[in-house]
Amino acid sequence: MTKNYISLLVIVLLVIFPSLAQSTAAVSLASTIDKDMTLAKNTTYIIEDQLHVSKGAVLTIEEGVTLKSKKAPKIVIVIDNGSRVHAAGSADNPIKAATEIATEENSIIEMRSSLSFNNATIANDFKYNAIEHPTILVNETPFIDTKISSVDTDF
């Protein structure tokens, strides 16, 4: 009879507090993401070095994700040309950085991208303490080689 009450109590607790059923273990990430990937909400991901999004991959980061580094004082995500990061944080459940080197207030997520065109390089760095609103970071070639003139019939 007592076992039935304990089982019922566990079920009731899991229904009332579903977060108790979620795993608290951290997941290690490869340093290069070259296929579309989603980082699941309310999960901690360990990044050994910087994270590199390449080959046109889309990295989706759901709300509540914590990106953690054991070695660096900040989380660096490098976005190659044609790749994209969609960070879906919210004010109630932001995407956060955590490091063993810096305090939580000083932990930073840094998104980097660069583009070379006509012997010039345009670099973009975005730094976040937390991502509290849906954010899309795209690195695509904004320069299109076009030939437009008033002589063209399709002008």
# chains A, B, ... in the order shown; residues from 1 in each chain; ligands from 1
call {"tool": "residues_around", "arguments": {"residues": "Lys70 in chain A", "least_positions_apart": "3", "cutoff": "10 Å", "atoms": "only C-alpha atoms", "output": "list in words"}}
result
Ile46, Ile47, Glu48, Asp49, Pro73, Lys74, Ile75, Ala98, Thr99, Glu100, Ile101 and Ala102 of chain A
call {"tool": "write_last_selection", "arguments": {"atoms": "N, CA, C and O atoms", "output": "PDB file, in the first residue's frame"}}
result
ATOM      1  N   ILE A  46      28.424  22.342 -23.366  1.00  0.00           N
ATOM      2  CA  ILE A  46      29.830  22.626 -23.109  1.00  0.00           C
ATOM      3  C   ILE A  46      30.538  22.872 -24.435  1.00  0.00           C
ATOM      4  O   ILE A  46      30.443  22.058 -25.357  1.00  0.00           O
ATOM      5  N   ILE A  47      31.252  23.992 -24.517  1.00  0.00           N
ATOM      6  CA  ILE A  47      32.026  24.337 -25.708  1.00  0.00           C
ATOM      7  C   ILE A  47      33.495  24.321 -25.300  1.00  0.00           C
ATOM      8  O   ILE A  47      33.897  25.055 -24.394  1.00  0.00           O
ATOM      9  N   GLU A  48      34.277  23.468 -25.951  1.00  0.00           N
ATOM     10  CA  GLU A  48      35.704  23.351 -25.600  1.00  0.00           C
ATOM     11  C   GLU A  48      36.495  24.582 -26.019  1.00  0.00           C
ATOM     12  O   GLU A  48      37.338  25.057 -25.292  1.00  0.00           O
ATOM     13  N   ASP A  49      36.255  25.066 -27.228  1.00  0.00           N
ATOM     14  CA  ASP A  49      36.943  26.237 -27.747  1.00  0.00           C
ATOM     15  C   ASP A  49      35.855  27.122 -28.321  1.00  0.00           C
ATOM     16  O   ASP A  49      34.740  27.124 -27.816  1.00  0.00           O
ATOM     17  N   PRO A  73      37.134  32.844 -21.127  1.00  0.00           N
ATOM     18  CA  PRO A  73      36.296  33.746 -20.326  1.00  0.00           C
ATOM     19  C   PRO A  73      35.024  34.176 -21.053  1.00  0.00           C
ATOM     20  O   PRO A  73      34.195  34.855 -20.491  1.00  0.00           O
ATOM     21  N   LYS A  74      34.877  33.772 -22.324  1.00  0.00           N
ATOM     22  CA  LYS A  74      33.660  34.103 -23.074  1.00  0.00           C
ATOM     23  C   LYS A  74      33.351  32.990 -24.060  1.00  0.00           C
ATOM     24  O   LYS A  74      34.211  32.179 -24.403  1.00  0.00           O
ATOM     25  N   ILE A  75      32.115  32.953 -24.513  1.00  0.00           N
ATOM     26  CA  ILE A  75      31.665  32.001 -25.515  1.00  0.00           C
ATOM     27  C   ILE A  75      31.750  32.708 -26.871  1.00  0.00           C
ATOM     28  O   ILE A  75      31.141  33.764 -27.057  1.00  0.00           O
ATOM     29  N   ALA A  98      28.088  30.845 -19.547  1.00  0.00           N
ATOM     30  CA  ALA A  98      28.657  30.493 -18.241  1.00  0.00           C
ATOM     31  C   ALA A  98      30.085  30.023 -18.480  1.00  0.00           C
ATOM     32  O   ALA A  98      30.336  29.264 -19.407  1.00  0.00           O
ATOM     33  N   THR A  99      30.998  30.508 -17.683  1.00  0.00           N
ATOM     34  CA  THR A  99      32.384  30.058 -17.785  1.00  0.00           C
ATOM     35  C   THR A  99      32.915  29.814 -16.381  1.00  0.00           C
ATOM     36  O   THR A  99      32.385  30.344 -15.400  1.00  0.00           O
ATOM     37  N   GLU A 100      33.947  29.005 -16.317  1.00  0.00           N
ATOM     38  CA  GLU A 100      34.571  28.761 -15.020  1.00  0.00           C
ATOM     39  C   GLU A 100      35.625  29.812 -14.711  1.00  0.00           C
ATOM     40  O   GLU A 100      36.173  29.850 -13.629  1.00  0.00           O
ATOM     41  N   ILE A 101      35.891  30.695 -15.682  1.00  0.00           N
ATOM     42  CA  ILE A 101      36.913  31.725 -15.518  1.00  0.00           C
ATOM     43  C   ILE A 101      36.287  33.052 -15.087  1.00  0.00           C
ATOM     44  O   ILE A 101      36.847  33.780 -14.288  1.00  0.00           O
ATOM     45  N   ALA A 102      35.099  33.374 -15.609  1.00  0.00           N
ATOM     46  CA  ALA A 102      34.456  34.654 -15.310  1.00  0.00           C
ATOM     47  C   ALA A 102      33.204  34.425 -14.470  1.00  0.00           C
ATOM     48  O   ALA A 102      32.632  33.343 -14.473  1.00  0.00           O
TER      49      ALA A 102
END
call {"tool": "residues_around", "arguments": {"residues": "Gly82 in chain A", "least_positions_apart": "2", "cutoff": "10 Å", "atoms": "only C-alpha atoms", "output": "number ranges by chain"}}
result
A: 53-58, 79-80, 84, 138-141
call {"tool": "write_last_selection", "arguments": {"atoms": "N, CA, C and O atoms", "output": "PDB file, in the first residue's frame"}}
result
ATOM      1  N   VAL A  53      30.195  27.890 -37.015  1.00  0.00           N
ATOM      2  CA  VAL A  53      29.038  27.514 -37.822  1.00  0.00           C
ATOM      3  C   VAL A  53      29.431  27.725 -39.281  1.00  0.00           C
ATOM      4  O   VAL A  53      29.725  28.846 -39.690  1.00  0.00           O
ATOM      5  N   SER A  54      29.469  26.616 -40.056  1.00  0.00           N
ATOM      6  CA  SER A  54      30.012  26.699 -41.409  1.00  0.00           C
ATOM      7  C   SER A  54      29.163  25.938 -42.416  1.00  0.00           C
ATOM      8  O   SER A  54      28.200  25.266 -42.055  1.00  0.00           O
ATOM      9  N   LYS A  55      29.554  26.030 -43.678  1.00  0.00           N
ATOM     10  CA  LYS A  55      28.955  25.306 -44.807  1.00  0.00           C
ATOM     11  C   LYS A  55      27.447  25.544 -44.938  1.00  0.00           C
ATOM     12  O   LYS A  55      26.692  24.637 -45.269  1.00  0.00           O
ATOM     13  N   GLY A  56      27.007  26.753 -44.649  1.00  0.00           N
ATOM     14  CA  GLY A  56      25.596  27.097 -44.822  1.00  0.00           C
ATOM     15  C   GLY A  56      24.682  26.527 -43.749  1.00  0.00           C
ATOM     16  O   GLY A  56      23.463  26.560 -43.891  1.00  0.00           O
ATOM     17  N   ALA A  57      25.235  26.033 -42.662  1.00  0.00           N
ATOM     18  CA  ALA A  57      24.430  25.436 -41.592  1.00  0.00           C
ATOM     19  C   ALA A  57      23.638  26.516 -40.847  1.00  0.00           C
ATOM     20  O   ALA A  57      24.038  27.670 -40.773  1.00  0.00           O
ATOM     21  N   VAL A  58      22.512  26.095 -40.289  1.00  0.00           N
ATOM     22  CA  VAL A  58      21.696  26.959 -39.446  1.00  0.00           C
ATOM     23  C   VAL A  58      21.749  26.392 -38.029  1.00  0.00           C
ATOM     24  O   VAL A  58      21.384  25.244 -37.803  1.00  0.00           O
ATOM     25  N   ILE A  79      30.506  32.736 -37.323  1.00  0.00           N
ATOM     26  CA  ILE A  79      29.526  32.404 -38.353  1.00  0.00           C
ATOM     27  C   ILE A  79      30.164  32.620 -39.715  1.00  0.00           C
ATOM     28  O   ILE A  79      30.506  33.744 -40.082  1.00  0.00           O
ATOM     29  N   ASP A  80      30.336  31.526 -40.459  1.00  0.00           N
ATOM     30  CA  ASP A  80      30.915  31.615 -41.799  1.00  0.00           C
ATOM     31  C   ASP A  80      29.895  32.147 -42.798  1.00  0.00           C
ATOM     32  O   ASP A  80      28.680  32.091 -42.565  1.00  0.00           O
ATOM     33  N   ARG A  84      24.001  30.648 -40.548  1.00  0.00           N
ATOM     34  CA  ARG A  84      23.089  31.497 -39.789  1.00  0.00           C
ATOM     35  C   ARG A  84      22.906  30.956 -38.376  1.00  0.00           C
ATOM     36  O   ARG A  84      22.944  29.753 -38.153  1.00  0.00           O
ATOM     37  N   VAL A 138      22.851  36.513 -39.452  1.00  0.00           N
ATOM     38  CA  VAL A 138      23.071  35.898 -40.751  1.00  0.00           C
ATOM     39  C   VAL A 138      24.379  36.413 -41.307  1.00  0.00           C
ATOM     40  O   VAL A 138      24.692  37.595 -41.196  1.00  0.00           O
ATOM     41  N   ASN A 139      25.138  35.524 -41.911  1.00  0.00           N
ATOM     42  CA  ASN A 139      26.344  35.952 -42.605  1.00  0.00           C
ATOM     43  C   ASN A 139      26.229  35.469 -44.039  1.00  0.00           C
ATOM     44  O   ASN A 139      26.530  34.331 -44.338  1.00  0.00           O
ATOM     45  N   GLU A 140      25.730  36.328 -44.872  1.00  0.00           N
ATOM     46  CA  GLU A 140      25.598  36.007 -46.288  1.00  0.00           C
ATOM     47  C   GLU A 140      26.269  37.096 -47.090  1.00  0.00           C
ATOM     48  O   GLU A 140      26.432  38.207 -46.620  1.00  0.00           O
ATOM     49  N   THR A 141      26.624  36.784 -48.305  1.00  0.00           N
ATOM     50  CA  THR A 141      27.282  37.756 -49.166  1.00  0.00           C
ATOM     51  C   THR A 141      26.289  38.852 -49.548  1.00  0.00           C
ATOM     52  O   THR A 141      25.353  38.604 -50.295  1.00  0.00           O
TER      53      THR A 141
END
call {"tool": "atom_distance", "arguments": {"atom1": "CA of Ile108 in chain A", "atom2": "CA of Ile95 in chain A"}}
result
10.7 Å
call {"tool": "atom_distance", "arguments": {"atom1": "CA of Ala97 in chain A", "atom2": "CA of Met37 in chain A"}}
result
18.6 Å
call {"tool": "atom_distance", "arguments": {"atom1": "CA of Asp92 in chain A", "atom2": "CA of Ile77 in chain A"}}
result
23.2 Å
call {"tool": "residues_around", "arguments": {"residues": "range 128-136 of chain A", "least_positions_apart": "5", "cutoff": "9 Å", "atoms": "only C-alpha atoms", "output": "list in words"}}
result
Glu63, Arg84, Val85, His86, Ala87, Ala88, Gly89, Ser90, Ala91, Asp92, Asn93, Pro94, Ile95, Lys96, Ala97, Glu104, Glu105, Asn106, Ser107, Ile108, Ile109, Glu110 and Met111 of chain A
call {"tool": "select_by_dssp", "arguments": {"residues": "range 16-125 of chain A", "states": "strand (DSSP E or B)", "output": "NGL selection string"}}
result
:A and (27-29 or 32-33 or 37-39 or 44-47 or 51-53 or 58-62 or 66-69 or 74-79 or 83-88 or 95-99 or 108-117 or 120-125)
call {"tool": "closest_residue", "arguments": {"among": "A:Asn118, A:Ser113, A:Gln50, A:Ser83", "to": "Lys71 in chain A", "atoms": "only C-alpha atoms"}}
result
A:Gln50
